[in-house]
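The data block below is model-v6.txt; it holds compact mmCIF, C-alpha atoms.
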```txt
# COMPACT_ATOMS: atom_id res chain seq x y z
CA MET A 138 166.49 332.83 151.83
CA LYS A 139 168.44 332.72 155.08
CA LYS A 140 166.74 334.09 158.18
CA TYR A 141 170.00 335.42 159.51
CA PHE A 142 172.75 337.48 157.91
CA PHE A 143 175.73 336.94 160.19
CA THR A 144 177.41 333.54 160.32
CA PRO A 145 178.05 332.46 163.93
CA ARG A 146 181.65 331.86 164.94
CA VAL A 147 182.01 328.22 165.92
CA GLY A 148 185.20 327.27 167.75
CA LYS A 149 187.22 324.35 166.41
CA ASP A 150 186.48 322.31 169.56
CA TYR A 151 182.81 323.28 169.82
CA GLU A 152 181.67 319.67 169.36
CA LYS A 153 183.57 318.71 172.54
CA GLY A 154 181.96 321.64 174.34
CA PHE A 155 182.90 323.79 177.28
CA HIS A 156 183.05 321.39 180.23
CA GLY A 157 181.36 318.91 177.90
CA ILE A 158 178.40 321.19 177.12
CA LYS A 159 177.89 322.82 173.73
CA THR A 160 177.67 326.52 174.57
CA LEU A 161 176.39 329.38 172.42
CA ILE A 162 177.42 332.82 173.63
CA LEU A 163 174.89 335.41 172.53
CA GLY A 164 175.90 339.04 172.29
CA SER A 165 173.41 341.82 171.80
CA HIS A 166 174.51 343.67 168.67
CA PHE A 167 177.33 344.37 166.28
CA TYR A 168 179.56 347.37 166.73
CA CYS A 169 181.50 348.84 163.83
CA PRO A 170 184.82 350.25 165.02
CA TYR A 171 185.06 352.57 161.99
CA THR A 172 183.45 355.77 163.25
CA ASP A 173 184.39 357.77 160.16
CA CYS A 174 182.71 355.43 157.66
CA SER A 175 180.02 357.18 155.64
CA HIS A 176 178.13 353.91 155.08
CA LEU A 177 177.56 353.11 158.75
CA LYS A 178 174.09 354.62 159.11
CA GLU A 179 172.76 354.25 155.57
CA GLU A 180 173.61 350.73 154.42
CA CYS A 181 175.10 348.77 157.31
CA ALA A 182 172.61 349.75 159.99
CA SER A 183 169.59 348.54 158.06
CA SER A 184 168.51 344.92 157.86
CA ASN A 185 167.08 345.70 154.40
CA THR A 186 170.33 346.86 152.78
CA ILE A 187 173.05 345.01 154.70
CA TRP A 188 172.89 342.07 152.27
CA SER A 189 174.20 344.29 149.47
CA MET A 190 177.02 345.55 151.70
CA ASP A 191 178.37 342.07 152.57
CA ALA A 192 181.32 342.13 150.16
CA ALA A 193 181.15 345.88 149.48
CA CYS A 194 182.00 347.23 152.93
CA PRO A 195 184.58 349.95 152.23
CA CYS A 196 186.56 348.83 155.29
CA TYR A 197 187.04 345.35 153.80
CA VAL A 198 187.28 346.07 150.06
CA GLY A 199 190.81 345.38 148.92
CA LYS A 200 191.65 342.96 151.73
CA GLU A 201 193.50 339.90 150.50
CA ASP A 202 191.12 337.20 151.83
CA GLN A 203 187.67 338.21 150.56
CA ASN A 204 186.06 335.03 151.93
CA TYR A 205 187.10 336.09 155.43
CA TYR A 206 186.71 339.87 155.20
CA LYS A 207 183.00 340.40 154.67
CA LEU A 208 180.26 341.71 156.92
CA SER A 209 178.52 338.36 157.31
CA ASN A 210 181.71 337.00 158.91
CA SER A 211 181.73 339.72 161.59
CA ASP A 212 181.22 337.25 164.48
CA THR A 213 184.42 335.42 163.57
CA ILE A 214 186.35 338.61 162.85
CA GLU A 215 185.25 340.06 166.21
CA VAL A 216 186.36 337.06 168.29
CA ASP A 217 189.56 336.55 166.25
CA SER A 218 190.44 340.24 166.74
CA TYR A 219 189.97 339.84 170.50
CA LEU A 220 192.18 336.76 170.54
CA GLU A 221 194.83 338.64 168.55
CA GLY A 222 194.95 341.40 171.16
CA PHE A 223 192.32 343.94 170.10
CA PRO A 224 190.89 345.39 173.34
CA TYR A 225 187.34 344.19 173.94
CA PRO A 226 186.66 344.74 177.68
CA SER A 227 183.36 342.85 177.54
CA PHE A 228 185.07 339.78 176.04
CA ASP A 229 187.72 339.97 178.75
CA ALA A 230 185.15 340.25 181.53
CA PHE A 231 183.05 337.41 180.11
CA THR A 232 186.06 335.13 179.65
CA TYR A 233 187.23 335.75 183.24
CA LEU A 234 183.71 334.99 184.49
CA MET A 235 183.31 331.80 182.49
CA LEU A 236 186.74 330.50 183.52
CA ASN A 237 186.20 331.56 187.13
CA LYS A 238 189.52 333.40 187.11
CA ARG A 239 190.43 336.42 189.20
CA ASP A 240 193.97 336.96 188.04
CA TYR A 241 195.90 336.92 184.78
CA LEU A 242 194.44 335.07 181.79
CA SER A 243 197.03 333.75 179.36
CA GLU A 244 196.51 333.94 175.62
CA ASP A 245 196.36 330.13 175.57
CA GLU A 246 193.54 330.10 178.17
CA LYS A 247 191.54 332.63 176.14
CA LEU A 248 192.04 330.67 172.93
CA LEU A 249 191.15 327.35 174.58
CA PHE A 250 187.88 328.79 175.92
CA TRP A 251 186.81 330.49 172.68
CA ASP A 252 187.69 327.37 170.69
CA GLN A 253 185.14 325.41 172.80
CA VAL A 254 182.15 327.71 172.27
CA ALA A 255 180.09 329.33 169.53
CA PHE A 256 179.36 333.05 169.37
CA THR A 257 176.90 335.31 167.59
CA ASN A 258 175.08 338.57 168.15
CA TYR A 259 171.30 338.72 168.30
CA ILE A 260 170.52 341.86 166.27
CA GLN A 261 171.23 341.15 162.61
CA HIS A 262 172.61 344.53 161.55
CA TYR A 263 175.09 347.11 162.83
```
Could I get this file's structure written as C-alpha cells?
Amino acid sequence: MKKYFFTPRVGKDYEKGFHGIKTLILGSHFYCPYTDCSHLKEECASSNTIWSMDAACPCYVGKEDQNYYKLSNSDTIEVDSYLEGFPYPSFDAFTYLMLNKRDYLSEDEKLLFWDQVAFTNYIQHY
C-alpha cells in the first residue's frame, strides 16, 4: 500500500533542475475550490475515505480524461490550472520570489520555472 495518496507534479525538465538543483516545492495542504460540494467534509477531508473518492469525486465525474481528472492527481491539476491562468496568489508570489523578479512575469517564464521543479502538498487529504 502506498504511504501517500497524491501523486507529486514533476515538471518535464525536473531532471535538469532549477539552476541545476532538483527542487521539490512543498505546499501545506490541498484546497478544494468547490465550496458547494456536499462531499467536501465527509469523504474528501478524511485520510481514511479519500481513497474511495479518487475517481468518484463529483467534480470530476464525467470529465473526458479520467486518468487526469482524479483526486490523486490534484498536485498536477493545481499547478496546470495556475499555468493556464487560474488565479493562485500564493503561486504567483512564490514564482516571483524564486525567479527574483519584481515586475511582470510572462507566461513562458512561469512555465519554464514550474517545468524545472516538482510540487506536492504535505497533508494527504483536503
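CA of Asn204 (chain A) is positioned 19.7 Å from CA of Leu220 (chain A).
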message: Report as a VMD selection string all protein, DNA and RNA residues lying within 12 Å of Asn237 (chain A), evaluated on only C-alpha atoms, omitting residues in the same chain fewer than 6 positions from it.
response: chain A and resid 229 to 231 246 250
- prompt: Separation of CA of Asp252 (chain A) and CA of Thr160 (chain A), in Å?
  reply: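 Computed distance, CA of Asp252 (chain A) to CA of Thr160 (chain A), equals 10.8 Å.
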task: Tell me, as a list in words, which residues lie within 12 Å of Leu236 (chain A), counting only C-alpha atoms; anything in the same chain fewer than 4 positions away does not count.
output: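 In the requested format, the answer is Phe155, His156, Asp229, Ala230, Phe231, Thr232, Asp240, Tyr241, Leu242, Ser243, Glu246, Lys247, Leu248, Leu249, Phe250, Trp251 and Gln253 of chain A.
For the atom pair formed by CA of Tyr259 (chain A) and CA of Lys200 (chain A), the distance is 26.6 Å, given to one decimal.
Among A:Ala192, A:Leu161, A:Ile260, A:Cys174, the residue with the shortest atom-to-atom distance to Asn210 (chain A), counting only C-alpha atoms, is A:Ala192.
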message: Which residue is closest to Ser165 (chain A)? Choose from A:Tyr197, A:Tyr225, A:Phe256, A:Tyr233 and count only C-alpha atoms.
response: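 Under the stated criterion, the closest residue is A:Phe256.
Remark: for Ser211 (chain A), the closest of the candidate residues A:His166, A:Lys149, A:Lys159, A:Arg239 is A:His166 (distances computed over only C-alpha atoms).
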query: Between A:Phe223, A:Ala255, A:Asp173, A:Tyr168, which one has atoms that come closest to Gly148 (chain A), using only C-alpha atoms?
result: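 Among the listed residues, A:Ala255 lies closest to Gly148 (chain A).
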field: Residue nearest Gly154 (chain A) among A:Glu201, A:Ser209, A:Cys181, A:Val254 (counting only C-alpha atoms)
entry: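 Going through A:Glu201, A:Ser209, A:Cys181, A:Val254 one by one, the smallest distance to Gly154 (chain A) is for A:Val254.
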